[in-house]
$ cat model_31.tsv   # TSV, C-alpha atoms
chain	number	residue	atom	x	y	z
A	188	MET	CA	40.80	-7.35	3.43
A	189	PRO	CA	37.02	-7.95	3.52
A	190	PRO	CA	35.69	-10.16	6.31
A	191	SER	CA	35.04	-13.82	5.60
A	192	ARG	CA	31.57	-14.64	4.31
A	193	ARG	CA	29.08	-14.09	7.12
A	194	LYS	CA	25.73	-15.64	7.86
A	195	VAL	CA	22.71	-13.38	7.50
A	196	ALA	CA	19.56	-13.27	9.62
A	197	ILE	CA	16.27	-11.44	9.57
A	198	THR	CA	15.79	-9.97	13.04
A	199	GLY	CA	13.03	-7.40	12.54
A	200	VAL	CA	9.75	-7.40	10.64
A	201	ALA	CA	6.67	-5.19	10.74
A	202	LEU	CA	3.63	-4.02	8.85
A	203	SER	CA	2.30	-0.49	8.76
A	204	GLU	CA	-1.39	0.29	8.77
A	205	CYS	CA	-2.93	-1.89	6.07
A	206	GLY	CA	-6.22	-2.32	4.30
A	207	ARG	CA	-8.17	0.92	4.03
A	208	VAL	CA	-5.88	3.85	4.82
A	209	ASP	CA	-7.30	7.08	3.44
A	210	ASP	CA	-5.52	9.75	5.46
A	211	THR	CA	-1.80	9.14	5.13
A	212	SER	CA	0.97	9.06	2.53
A	213	PRO	CA	3.16	6.24	1.19
A	214	TYR	CA	6.12	7.82	2.97
A	215	ALA	CA	4.30	7.72	6.29
A	216	LEU	CA	3.56	4.04	5.73
A	217	HIS	CA	7.26	3.48	5.03
A	218	ALA	CA	8.08	5.17	8.32
A	219	GLN	CA	5.50	3.21	10.30
A	220	ALA	CA	6.84	-0.08	8.99
A	221	ALA	CA	10.50	0.90	9.42
A	222	ARG	CA	9.99	1.98	13.04
A	223	GLY	CA	8.14	-1.25	13.70
A	224	ALA	CA	10.89	-3.44	12.26
A	225	LEU	CA	13.57	-1.66	14.28
A	226	ALA	CA	11.52	-1.96	17.46
A	227	ASP	CA	10.92	-5.62	16.70
A	228	ALA	CA	14.67	-6.23	16.39
A	229	GLY	CA	15.53	-3.97	19.31
A	230	LEU	CA	18.22	-2.19	17.29
A	231	ASP	CA	18.90	1.51	16.88
A	232	ARG	CA	18.37	3.27	13.58
A	233	SER	CA	22.02	4.38	13.55
A	234	LEU	CA	23.11	0.79	12.84
A	235	ILE	CA	21.39	0.72	9.44
A	236	ASP	CA	23.93	1.17	6.66
A	237	GLY	CA	21.90	-0.36	3.83
A	238	LEU	CA	18.50	0.48	2.38
A	239	ALA	CA	16.40	-1.17	-0.32
A	240	SER	CA	13.21	0.47	-1.56
A	241	THR	CA	11.31	1.05	-4.78
A	242	GLY	CA	8.00	2.28	-6.09
A	243	THR	CA	7.94	5.73	-4.47
A	244	GLY	CA	9.52	7.89	-7.14
A	245	LEU	CA	12.34	8.35	-9.61
A	246	LEU	CA	14.95	8.72	-6.87
A	247	ALA	CA	13.95	5.85	-4.62
A	248	PRO	CA	15.57	4.75	-2.37
A	249	ALA	CA	17.20	8.18	-1.95
A	250	GLU	CA	13.82	9.78	-1.26
A	251	VAL	CA	12.91	7.14	1.30
A	252	ALA	CA	16.34	7.37	2.96
A	253	GLU	CA	15.94	11.13	3.41
A	254	TYR	CA	12.41	10.76	4.77
A	255	LEU	CA	13.58	8.14	7.29
A	256	GLY	CA	16.69	10.12	8.27
A	257	LEU	CA	19.09	7.50	6.95
A	258	ARG	CA	22.42	7.91	5.13
A	259	PRO	CA	23.07	4.42	3.74
A	260	THR	CA	26.34	3.36	2.14
A	261	TRP	CA	24.65	0.47	0.30
A	262	VAL	CA	21.39	0.89	-1.65
A	263	ASP	CA	19.18	-1.13	-3.96
A	264	SER	CA	16.25	0.05	-6.08
A	265	THR	CA	15.68	-3.10	-8.13
A	266	SER	CA	12.27	-3.01	-9.81
A	267	VAL	CA	11.00	-6.32	-11.18
A	268	GLY	CA	7.40	-6.16	-10.03
A	269	GLY	CA	6.04	-8.29	-7.23
A	270	SER	CA	9.23	-10.36	-6.95
A	271	THR	CA	11.26	-7.23	-6.20
A	272	TRP	CA	11.45	-7.84	-2.47
A	273	GLU	CA	12.67	-11.42	-2.63
A	274	VAL	CA	15.28	-10.29	-5.18
A	275	MET	CA	16.26	-7.36	-2.94
A	276	ALA	CA	16.52	-9.70	0.05
A	277	ALA	CA	18.92	-11.86	-1.97
A	278	HIS	CA	21.01	-8.81	-2.91
A	279	ALA	CA	21.03	-7.58	0.68
A	280	ALA	CA	22.06	-10.99	2.03
A	281	ASP	CA	24.92	-11.17	-0.48
A	282	ALA	CA	26.06	-7.66	0.45
A	283	ILE	CA	26.03	-8.43	4.16
A	284	ALA	CA	27.75	-11.77	3.66
A	285	ALA	CA	30.51	-10.05	1.67
A	286	GLY	CA	30.98	-7.29	4.23
A	287	HIS	CA	29.58	-4.47	2.08
A	288	ALA	CA	26.84	-3.76	4.63
A	289	ASN	CA	25.99	-4.78	8.18
A	290	ALA	CA	22.30	-4.02	8.57
A	291	VAL	CA	19.97	-3.58	5.58
A	292	LEU	CA	16.40	-2.33	5.80
A	293	LEU	CA	13.92	-3.38	3.13
A	294	VAL	CA	10.90	-1.09	3.28
A	295	TYR	CA	7.78	-0.44	1.21
A	296	GLY	CA	4.61	1.62	1.46
A	297	SER	CA	1.74	2.20	-0.94
A	298	THR	CA	-1.64	3.91	-0.96
A	299	ALA	CA	-2.68	2.16	-4.16
A	300	ARG	CA	-6.30	1.78	-3.07
A	301	ALA	CA	-6.69	5.26	-1.58
A	302	ASP	CA	-5.12	6.96	-4.60
A	303	ILE	CA	-7.57	5.42	-7.04
A	304	ARG	CA	-10.57	6.05	-4.77
A	305	ALA	CA	-9.54	9.70	-4.48
A	306	GLY	CA	-8.94	10.06	-8.21
A	307	ARG	CA	-5.26	10.81	-7.71
A	308	ARG	CA	-4.22	8.12	-10.15
A	309	THR	CA	-5.87	6.02	-12.82
A	310	GLY	CA	-5.13	2.32	-12.92
A	311	THR	CA	-3.46	1.12	-16.10
A	312	LEU	CA	-3.90	-2.61	-16.34
A	313	SER	CA	-1.80	-2.66	-19.51
A	314	PHE	CA	1.30	-1.19	-17.76
A	315	GLY	CA	1.45	1.35	-20.57
A	316	ALA	CA	1.94	0.81	-24.28
A	317	ARG	CA	5.58	1.65	-24.94
A	318	GLY	CA	8.51	-0.58	-25.74
A	319	PRO	CA	7.70	-4.23	-26.41
A	320	LEU	CA	4.21	-3.82	-24.94
A	321	GLN	CA	3.13	-1.62	-27.85
A	322	PHE	CA	2.74	-4.75	-29.97
A	323	GLU	CA	0.36	-6.46	-27.51
A	324	VAL	CA	-1.81	-3.77	-25.93
A	325	PRO	CA	-3.84	-3.04	-29.09
A	326	TYR	CA	-5.04	-6.64	-29.00
A	327	GLY	CA	-6.29	-6.48	-25.43
A	328	HIS	CA	-3.24	-7.98	-23.75
A	329	THR	CA	-3.73	-6.20	-20.44
A	330	LEU	CA	-2.17	-7.46	-17.23
A	331	ILE	CA	-5.14	-9.55	-16.15
A	332	ALA	CA	-5.61	-10.94	-19.64
A	333	LYS	CA	-2.05	-12.22	-19.70
A	334	TYR	CA	-2.64	-14.21	-16.50
A	335	ALA	CA	-5.96	-15.43	-17.83
A	336	MET	CA	-4.33	-16.68	-21.02
A	337	ALA	CA	-1.72	-18.57	-19.04
A	338	ALA	CA	-4.34	-20.13	-16.78
A	339	ARG	CA	-6.40	-21.24	-19.75
A	340	ARG	CA	-3.33	-22.86	-21.33
A	341	HIS	CA	-2.73	-24.85	-18.13
A	342	MET	CA	-6.36	-25.94	-18.14
A	343	ILE	CA	-6.10	-27.11	-21.74
A	344	GLU	CA	-2.77	-28.91	-21.40
A	345	HIS	CA	-3.19	-30.45	-17.97
A	346	GLY	CA	-6.93	-30.68	-17.38
A	347	THR	CA	-6.88	-28.19	-14.52
A	348	THR	CA	-10.43	-27.19	-13.65
A	349	ILE	CA	-11.91	-23.86	-12.72
A	350	GLU	CA	-13.11	-25.45	-9.47
A	351	GLN	CA	-9.53	-26.33	-8.57
A	352	LEU	CA	-8.41	-22.76	-9.20
A	353	ALA	CA	-11.32	-21.56	-7.06
A	354	GLU	CA	-10.07	-23.77	-4.21
A	355	VAL	CA	-7.01	-21.54	-3.96
A	356	ALA	CA	-9.20	-18.51	-3.23
A	357	VAL	CA	-11.40	-20.44	-0.80
A	358	GLN	CA	-8.45	-21.69	1.25
A	359	ALA	CA	-6.73	-18.29	1.22
A	360	ARG	CA	-9.91	-16.84	2.72
A	361	ALA	CA	-10.00	-19.59	5.35
A	362	ASN	CA	-6.50	-18.57	6.40
A	363	ALA	CA	-7.45	-14.90	6.37
A	364	ALA	CA	-10.31	-15.69	8.76
A	365	LEU	CA	-7.62	-16.47	11.36
A	366	ASN	CA	-5.79	-13.18	10.75
A	367	PRO	CA	-7.22	-10.08	12.47
A	368	GLU	CA	-5.12	-7.89	10.13
A	369	ALA	CA	-6.66	-9.35	6.96
A	370	MET	CA	-8.87	-7.06	4.88
A	371	PHE	CA	-11.45	-9.76	4.04
A	372	ARG	CA	-12.23	-12.54	6.51
A	373	ASP	CA	-15.74	-13.80	5.76
A	374	PRO	CA	-15.73	-17.40	4.46
A	375	ILE	CA	-16.33	-18.05	0.77
A	376	THR	CA	-17.16	-21.20	-1.17
A	377	VAL	CA	-16.19	-22.53	-4.58
A	378	ASP	CA	-19.67	-21.56	-5.77
A	379	ASP	CA	-19.11	-18.01	-4.54
A	380	VAL	CA	-15.94	-17.81	-6.63
A	381	LEU	CA	-17.51	-19.30	-9.75
A	382	SER	CA	-20.64	-17.14	-9.62
A	383	GLY	CA	-18.79	-13.84	-9.29
A	384	GLU	CA	-18.41	-11.08	-11.83
A	385	MET	CA	-16.27	-12.12	-14.80
A	386	ILE	CA	-13.06	-10.09	-15.00
A	387	ALA	CA	-11.00	-11.93	-17.63
A	388	ASP	CA	-12.04	-15.43	-18.65
A	389	PRO	CA	-11.60	-17.74	-16.76
A	390	PHE	CA	-11.10	-15.37	-13.79
A	391	THR	CA	-14.05	-14.03	-11.87
A	392	LYS	CA	-13.55	-11.35	-9.24
A	393	LEU	CA	-12.55	-13.69	-6.41
A	394	HIS	CA	-9.83	-15.27	-8.55
A	395	CYS	CA	-8.11	-11.87	-8.46
A	396	CYS	CA	-6.21	-10.14	-5.68
A	397	ILE	CA	-7.74	-7.35	-3.66
A	398	ARG	CA	-6.52	-3.76	-3.80
A	399	SER	CA	-5.39	-2.29	-0.51
A	400	ASP	CA	-3.10	0.24	1.09
A	401	GLY	CA	-0.23	-0.73	3.34
A	402	GLY	CA	3.47	-1.05	4.00
A	403	ALA	CA	6.00	-3.52	5.33
A	404	ALA	CA	9.62	-3.62	6.46
A	405	VAL	CA	12.22	-6.33	6.97
A	406	LEU	CA	15.60	-5.88	8.65
A	407	LEU	CA	18.50	-8.15	7.69
A	408	VAL	CA	21.69	-8.14	9.76
A	409	ALA	CA	25.09	-9.82	9.91
A	410	GLU	CA	25.42	-12.70	12.33
A	411	GLU	CA	27.46	-10.72	14.87
A	412	TYR	CA	24.50	-8.39	15.44
A	413	VAL	CA	22.12	-11.19	16.32
A	414	ARG	CA	23.17	-11.31	19.96
A	415	ASP	CA	22.10	-7.68	20.37
A	416	CYS	CA	18.58	-8.30	19.03
A	417	ARG	CA	15.50	-8.94	21.14
A	418	THR	CA	14.08	-11.48	18.68
A	419	ALA	CA	15.18	-14.94	17.66
A	420	PRO	CA	16.99	-14.86	14.31
A	421	VAL	CA	15.51	-16.29	11.15
A	422	TRP	CA	18.38	-17.24	8.87
A	423	VAL	CA	18.53	-16.65	5.14
A	424	LEU	CA	19.53	-20.11	3.93
A	425	GLY	CA	19.35	-19.75	0.17
A	426	THR	CA	18.05	-17.44	-2.54
A	427	GLY	CA	17.41	-17.51	-6.27
A	428	GLU	CA	16.21	-15.07	-8.89
A	429	HIS	CA	15.26	-15.28	-12.56
A	430	VAL	CA	13.90	-13.00	-15.27
A	431	SER	CA	12.01	-14.78	-18.01
A	432	HIS	CA	10.30	-12.46	-20.52
A	433	VAL	CA	8.16	-9.38	-21.02
A	434	SER	CA	6.48	-10.05	-24.36
A	435	MET	CA	4.07	-12.96	-24.35
A	436	SER	CA	5.61	-14.09	-27.63
A	437	GLU	CA	8.94	-14.51	-25.82
A	438	TRP	CA	7.49	-16.74	-23.08
A	439	PRO	CA	8.41	-20.29	-24.09
A	440	ASP	CA	5.69	-22.04	-22.08
A	441	PHE	CA	2.66	-20.41	-20.45
A	442	THR	CA	2.48	-23.30	-17.96
A	443	VAL	CA	5.99	-22.75	-16.54
A	444	SER	CA	6.80	-19.72	-14.40
A	445	PRO	CA	10.27	-18.29	-13.66
A	446	ALA	CA	9.94	-19.79	-10.17
A	447	ALA	CA	11.07	-23.05	-11.81
A	448	VAL	CA	14.54	-21.49	-12.00
A	449	SER	CA	14.58	-19.24	-8.92
A	450	GLY	CA	13.19	-22.03	-6.75
A	451	ARG	CA	15.71	-24.60	-7.93
A	452	LEU	CA	18.56	-22.19	-7.25
A	453	ALA	CA	17.26	-21.24	-3.80
A	454	PHE	CA	16.79	-24.84	-2.69
A	455	GLU	CA	20.18	-25.91	-4.03
A	456	ARG	CA	21.93	-23.03	-2.27
A	457	ALA	CA	20.06	-23.69	0.96
A	458	GLY	CA	20.81	-27.40	0.83
A	459	VAL	CA	17.19	-28.38	1.44
A	460	ARG	CA	14.50	-30.13	-0.59
A	461	PRO	CA	10.95	-28.89	-1.22
A	462	GLU	CA	9.53	-31.78	0.79
A	463	GLU	CA	11.33	-30.42	3.89
A	464	ILE	CA	9.53	-27.08	3.70
A	465	GLU	CA	6.78	-26.67	6.31
A	466	LEU	CA	4.97	-23.62	4.94
A	467	ALA	CA	5.07	-21.49	1.81
A	468	GLU	CA	4.33	-17.83	1.23
A	469	ILE	CA	3.63	-17.43	-2.49
A	470	TYR	CA	2.71	-14.35	-4.47
A	471	ASP	CA	-0.96	-14.70	-5.38
A	472	ALA	CA	-2.16	-11.85	-7.54
A	473	PHE	CA	-4.38	-14.51	-9.16
A	474	THR	CA	-5.32	-18.04	-8.15
A	475	TYR	CA	-3.39	-19.55	-11.06
A	476	MET	CA	-0.24	-17.89	-9.74
A	477	THR	CA	-0.36	-19.96	-6.56
A	478	LEU	CA	-1.08	-23.20	-8.40
A	479	VAL	CA	1.67	-22.95	-11.01
A	480	THR	CA	4.25	-21.66	-8.51
A	481	LEU	CA	3.62	-24.69	-6.29
A	482	GLU	CA	4.41	-26.88	-9.30
A	483	ASP	CA	7.50	-24.94	-10.27
A	484	LEU	CA	8.92	-24.90	-6.75
A	485	GLY	CA	8.73	-28.67	-6.78
A	486	PHE	CA	5.90	-29.29	-4.32
A	487	CYS	CA	4.13	-31.35	-6.98
A	488	ALA	CA	4.82	-32.40	-10.55
A	489	LYS	CA	4.02	-30.24	-13.56
A	490	GLY	CA	0.34	-30.57	-14.34
A	491	GLU	CA	-0.58	-31.86	-10.87
A	492	GLY	CA	-1.16	-28.47	-9.28
A	493	GLY	CA	-4.93	-28.75	-9.66
A	494	SER	CA	-5.18	-31.94	-7.64
A	495	PHE	CA	-2.53	-30.70	-5.20
A	496	VAL	CA	-4.57	-27.68	-4.10
A	497	GLU	CA	-7.72	-29.72	-3.40
A	498	LYS	CA	-8.94	-31.09	-0.04
A	499	GLY	CA	-7.72	-28.18	2.07
A	500	ARG	CA	-4.03	-28.87	1.57
A	501	LEU	CA	-3.17	-25.13	1.67
A	502	LYS	CA	-5.01	-24.29	4.89
A	503	VAL	CA	-3.40	-23.47	8.22
A	504	GLU	CA	-5.89	-25.71	9.98
A	505	GLY	CA	-5.28	-29.27	8.83
A	506	GLY	CA	-3.38	-28.47	5.65
A	507	GLU	CA	-0.41	-30.60	4.58
A	508	LEU	CA	1.42	-27.54	3.22
A	509	PRO	CA	-0.02	-24.30	4.60
A	510	VAL	CA	0.27	-21.62	1.91
A	511	ASN	CA	-0.23	-17.87	2.34
A	512	THR	CA	-0.99	-18.28	5.98
A	513	ASP	CA	-2.05	-14.64	6.44
A	514	GLY	CA	-4.67	-14.87	3.69
A	515	GLY	CA	-2.40	-13.72	0.89
A	516	GLY	CA	-3.05	-11.09	-1.72
A	517	LEU	CA	-6.42	-12.71	-2.41
A	518	SER	CA	-7.78	-11.83	1.04
A	519	ALA	CA	-5.31	-10.17	3.43
A	520	GLN	CA	-3.71	-7.22	1.63
A	521	HIS	CA	-2.22	-6.34	-1.75
A	522	PRO	CA	-0.91	-2.76	-1.87
A	523	GLY	CA	0.60	-2.76	-5.36
A	524	MET	CA	3.62	-5.01	-4.77
A	525	ARG	CA	3.16	-7.65	-2.10
A	526	GLY	CA	6.50	-9.47	-2.10
A	527	LEU	CA	7.76	-7.94	1.15
A	528	PHE	CA	4.64	-9.11	3.00
A	529	LEU	CA	5.57	-12.71	2.15
A	530	LEU	CA	8.84	-12.36	4.03
A	531	VAL	CA	7.15	-10.73	7.04
A	532	GLU	CA	4.64	-13.56	7.34
A	533	ALA	CA	7.25	-16.28	6.88
A	534	VAL	CA	9.39	-14.79	9.66
A	535	ARG	CA	6.44	-14.47	12.03
A	536	GLN	CA	5.53	-18.11	11.42
A	537	LEU	CA	9.06	-19.37	12.02
A	538	ARG	CA	9.27	-17.36	15.24
A	539	GLY	CA	5.94	-18.73	16.43
A	540	GLU	CA	4.36	-15.26	16.52
A	541	ALA	CA	1.43	-15.67	14.12
A	542	GLY	CA	-1.32	-15.99	16.70
A	543	ALA	CA	-4.43	-17.93	15.70
A	544	ARG	CA	-2.99	-18.67	12.25
A	545	GLN	CA	0.23	-20.14	13.64
A	546	VAL	CA	1.40	-23.28	11.84
A	547	ARG	CA	2.59	-25.91	14.30
A	548	ARG	CA	4.32	-29.25	14.18
A	549	ARG	CA	2.74	-32.24	15.82
A	550	ASP	CA	4.66	-31.52	19.02
A	551	GLY	CA	3.25	-27.98	19.10
A	552	SER	CA	6.48	-26.24	18.12
A	553	ALA	CA	6.79	-23.65	15.38
A	554	PRO	CA	7.99	-24.76	11.95
A	555	GLY	CA	11.69	-24.69	11.14
A	556	LEU	CA	11.76	-24.14	7.37
A	557	ALA	CA	9.75	-21.84	5.13
A	558	VAL	CA	9.93	-20.52	1.59
A	559	ALA	CA	8.83	-17.15	0.24
A	560	SER	CA	8.51	-16.85	-3.53
A	561	GLY	CA	7.51	-13.64	-5.30
A	562	THR	CA	6.45	-13.21	-8.91
A	563	GLY	CA	6.61	-10.00	-10.90
A	564	GLY	CA	4.83	-8.71	-13.97
A	565	TRP	CA	2.92	-11.46	-15.79
A	566	PHE	CA	5.32	-14.23	-14.71
A	567	CYS	CA	8.16	-12.04	-16.01
A	568	SER	CA	10.37	-12.43	-12.94
A	569	SER	CA	10.71	-14.50	-9.80
A	570	GLY	CA	12.62	-14.33	-6.54
A	571	THR	CA	12.67	-17.18	-4.02
A	572	VAL	CA	14.06	-17.14	-0.48
A	573	VAL	CA	14.45	-20.16	1.81
A	574	LEU	CA	14.35	-19.27	5.51
A	575	GLY	CA	15.08	-21.30	8.64
A	576	ARG	CA	15.35	-20.80	12.37
$ encode --input "model_31.tsv" --output "C-alpha cells"
Amino acid sequence: MPPSRRKVAITGVALSECGRVDDTSPYALHAQAARGALADAGLDRSLIDGLASTGTGLLAPAEVAEYLGLRPTWVDSTSVGGSTWEVMAAHAADAIAAGHANAVLLVYGSTARADIRAGRRTGTLSFGARGPLQFEVPYGHTLIAKYAMAARRHMIEHGTTIEQLAEVAVQARANAALNPEAMFRDPITVDDVLSGEMIADPFTKLHCCIRSDGGAAVLLVAEEYVRDCRTAPVWVLGTGEHVSHVSMSEWPDFTVSPAAVSGRLAFERAGVRPEEIELAEIYDAFTYMTLVTLEDLGFCAKGEGGSFVEKGRLKVEGGELPVNTDGGGLSAQHPGMRGLFLLVEAVRQLRGEAGARQVRRRDGSAPGLAVASGTGGWFCSSGTVVLGR
C-alpha cells in the first residue's frame, strides 16, 4: 500500500554562475547548481530518487542524470516554455505526496548568451515555422511581436499607457540594484525606457528581458526528510497549471493570460487568497507579462494593472507588493527559461536569506507567503506555485 499523502517542502535552492559565463557548458552549470542545492539542504546526493530537467537535449533528463551521477526512479522532462519549472514543481510535489518519490531535484543550466556571442547558435525569435506556426511566421508573428500585439490590445481596451508598462522595468531595476548577483544594477527612469531602441512596437529595448547565462536548482523532499535538513523548510501549499493556445488565432482574449486559470487553482488548493500573499515572483520576459499576470492572479481587477504598477508598488523598498525581488528577467538574469529562478528567489525570501533585497514585515520578520508564477511561449502556458514557511 502506498503511504498516505505527505506534505512536501523545498529544502535546498541554489544558483550557478550567472550573467556572463563564457568558459563553461550548460552541463557544468547544472552541476554547479545541483551541488549548491544539496549543500544548502545538507542532504547527500544518494537520497535523490527523482529528477526534473529540460532544455539540454533530446534525452533530457537522462543526459543530465548521467552527468550528475544520478539514477532516478522518477523523471520529468515537461517542456512548456518559461512555465516549465513551476509545472515540474507541481508534478514533483504530487509524486512525493503520493509516495512515488522522496527527494526530487529540479535543475537547469543554459549558456544562451555565450552561445550566440560565440556563433554556436542563431536565435530564432519565431520558434521555427513548422506546425501551426507556419501560418503566422510569414506575416511577421515572431515571439516578440506576439507579446507586443497582446500589450497593444491591453492598451486599447483598458487605457494602459506605455509609461505604466515602463514602470515595471524601472522598479525591476530598482530591485536589481539591491542584488549583487543581478546582471544590470544601474538605475533607470521611465524616460530611459521610452527613449530606447524600438524592438517591437510598443516595446523598446528596456521593455524586454536581458539575455544571460546561468543555472538554478531546487530540491523538494517529503516531510519526513525535513528534520535532516540544515535549512528551514518552505512548504508547497498549492499549485496550478494551464495550457491555453499556440496559434494567436486560438487565443480567445489577448488581455487574459493562462495564469488566470493556474493562479485560481493554486490559490484554491493552498487555501489562501491573493491579498494574503506578501511577495510575488512573476515571469517577466516583457513588461506587459508582469502587468497582465498581476491582474490574472487576482492582485488587481482586469484592466487595472496599469494603475496597480504605479507609485513603486512593486519595489522591495516601500512597495505594497514586492514583485521580482531579485530584479527579474528584465534586470537580474534570463538564461533562456527563467521559471526555476522564480522558485529560488521566493524560497530565499521566505527563509529571510535575501540580503539587502530582503522583504520584511513591519516587525522585521521575513514574509510567510509567496507566489511564483511562470509563463511559457507567448502566454501559451502557465504554472503557479504558492509557498509558505
$ closest_residue --input "model_31.tsv" --among "A:Leu517, A:Leu365, A:Leu452, A:Met275" --to "A:Gly561" --atoms "all atoms listed in the file"
A:Met275
$ atom_distance --input "model_31.tsv" --atom1 "atom CA of A:Val291" --atom2 "atom CA of A:Arg258"
11.8 Å
$ closest_residue --input "model_31.tsv" --among "A:Ala288, A:His394, A:Gly539, A:Val433" --to "A:Val355" --atoms "all atoms listed in the file"
A:His394
$ residues_around --input "model_31.tsv" --residues "A:Ala226" --least-positions-apart "2" --cutoff "9 Å" --atoms "all atoms listed in the file" --output "count of residues only"
12
$ residues_near_point --input "model_31.tsv" --point "(0.2, -11.4, -17.8)" --cutoff "7 Å" --atoms "all atoms listed in the file" --output "ChimeraX atom specification"
/A:330-334,564-566
$ closest_residue --input "model_31.tsv" --among "A:Ser240, A:Asn362, A:Ser494, A:Ser431" --to "A:Glu350" --atoms "all atoms listed in the file"
A:Ser494
$ atom_distance --input "model_31.tsv" --atom1 "atom CA of A:Ala215" --atom2 "atom CA of A:Ala533"
24.2 Å
$ closest_atom_pairs --input "model_31.tsv" --of "stretch 396-476 of chain A" --to "stretch 296-300 of chain A" --cutoff "7 Å" --atoms "only C-alpha atoms" --output "tab-separated table"
residue	atom	partner	partner_atom	distance
A:Arg398	CA	A:Arg300	CA	5.6
A:Ser399	CA	A:Arg300	CA	4.9
A:Asp400	CA	A:Thr298	CA	4.5
A:Gly401	CA	A:Ser297	CA	5.5
A:Gly402	CA	A:Gly296	CA	3.9
A:Ala403	CA	A:Gly296	CA	6.6
$ write_last_selection --input "model_31.tsv" --atoms "C-alpha atoms" --output "mmCIF file, in the coordinates of the input"
data_model
loop_
_atom_site.group_PDB
_atom_site.id
_atom_site.type_symbol
_atom_site.label_atom_id
_atom_site.label_comp_id
_atom_site.auth_asym_id
_atom_site.auth_seq_id
_atom_site.Cartn_x
_atom_site.Cartn_y
_atom_site.Cartn_z
ATOM 1 C CA ARG A 398 -6.520 -3.760 -3.800
ATOM 2 C CA SER A 399 -5.390 -2.290 -0.510
ATOM 3 C CA ASP A 400 -3.100 0.240 1.090
ATOM 4 C CA GLY A 401 -0.230 -0.730 3.340
ATOM 5 C CA GLY A 402 3.470 -1.050 4.000
ATOM 6 C CA ALA A 403 6.000 -3.520 5.330
#
$ residues_around --input "model_31.tsv" --residues "A:Leu255" --least-positions-apart "4" --cutoff "10 Å" --atoms "only C-alpha atoms" --output "PDB file with C-alpha atoms, keeping the file's coordinate frame"
ATOM      1  CA  TYR A 214       6.120   7.820   2.970  1.00  0.00           C
ATOM      2  CA  ALA A 215       4.300   7.720   6.290  1.00  0.00           C
ATOM      3  CA  HIS A 217       7.260   3.480   5.030  1.00  0.00           C
ATOM      4  CA  ALA A 218       8.080   5.170   8.320  1.00  0.00           C
ATOM      5  CA  GLN A 219       5.500   3.210  10.300  1.00  0.00           C
ATOM      6  CA  ALA A 221      10.500   0.900   9.420  1.00  0.00           C
ATOM      7  CA  ARG A 222       9.990   1.980  13.040  1.00  0.00           C
ATOM      8  CA  ARG A 232      18.370   3.270  13.580  1.00  0.00           C
ATOM      9  CA  ALA A 249      17.200   8.180  -1.950  1.00  0.00           C
ATOM     10  CA  GLU A 250      13.820   9.780  -1.260  1.00  0.00           C
ATOM     11  CA  VAL A 251      12.910   7.140   1.300  1.00  0.00           C
TER      12      VAL A 251
END
$ residues_around --input "model_31.tsv" --residues "stretch 475-484 of chain A" --least-positions-apart "4" --cutoff "6 Å" --atoms "only C-alpha atoms" --output "PyMOL selection string"
chain A and resi 338+446-447+450+471+488-489+492
$ closest_residue --input "model_31.tsv" --among "A:Gly570, A:Pro461, A:Gly542, A:Gly237" --to "A:Leu556" --atoms "only C-alpha atoms"
A:Pro461
$ closest_residue --input "model_31.tsv" --among "A:Cys567, A:Cys487, A:Leu320, A:Ala409" --to "A:Trp438" --atoms "all atoms listed in the file"
A:Cys567
$ residues_near_point --input "model_31.tsv" --point "(-11.5, -15.5, 2.7)" --cutoff "12 Å" --atoms "only C-alpha atoms" --output "CSV table (one decimal) with C-alpha atoms, keeping the file's coordinate frame"
chain,number,residue,atom,x,y,z
A,353,ALA,CA,-11.3,-21.6,-7.1
A,354,GLU,CA,-10.1,-23.8,-4.2
A,355,VAL,CA,-7.0,-21.5,-4.0
A,356,ALA,CA,-9.2,-18.5,-3.2
A,357,VAL,CA,-11.4,-20.4,-0.8
A,358,GLN,CA,-8.4,-21.7,1.2
A,359,ALA,CA,-6.7,-18.3,1.2
A,360,ARG,CA,-9.9,-16.8,2.7
A,361,ALA,CA,-10.0,-19.6,5.4
A,362,ASN,CA,-6.5,-18.6,6.4
A,363,ALA,CA,-7.4,-14.9,6.4
A,364,ALA,CA,-10.3,-15.7,8.8
A,365,LEU,CA,-7.6,-16.5,11.4
A,366,ASN,CA,-5.8,-13.2,10.8
A,367,PRO,CA,-7.2,-10.1,12.5
A,369,ALA,CA,-6.7,-9.4,7.0
A,370,MET,CA,-8.9,-7.1,4.9
A,371,PHE,CA,-11.4,-9.8,4.0
A,372,ARG,CA,-12.2,-12.5,6.5
A,373,ASP,CA,-15.7,-13.8,5.8
A,374,PRO,CA,-15.7,-17.4,4.5
A,375,ILE,CA,-16.3,-18.0,0.8
A,376,THR,CA,-17.2,-21.2,-1.2
A,377,VAL,CA,-16.2,-22.5,-4.6
A,379,ASP,CA,-19.1,-18.0,-4.5
A,380,VAL,CA,-15.9,-17.8,-6.6
A,393,LEU,CA,-12.6,-13.7,-6.4
A,394,HIS,CA,-9.8,-15.3,-8.6
A,396,CYS,CA,-6.2,-10.1,-5.7
A,397,ILE,CA,-7.7,-7.4,-3.7
A,502,LYS,CA,-5.0,-24.3,4.9
A,511,ASN,CA,-0.2,-17.9,2.3
A,512,THR,CA,-1.0,-18.3,6.0
A,513,ASP,CA,-2.0,-14.6,6.4
A,514,GLY,CA,-4.7,-14.9,3.7
A,515,GLY,CA,-2.4,-13.7,0.9
A,516,GLY,CA,-3.0,-11.1,-1.7
A,517,LEU,CA,-6.4,-12.7,-2.4
A,518,SER,CA,-7.8,-11.8,1.0
A,519,ALA,CA,-5.3,-10.2,3.4
A,520,GLN,CA,-3.7,-7.2,1.6
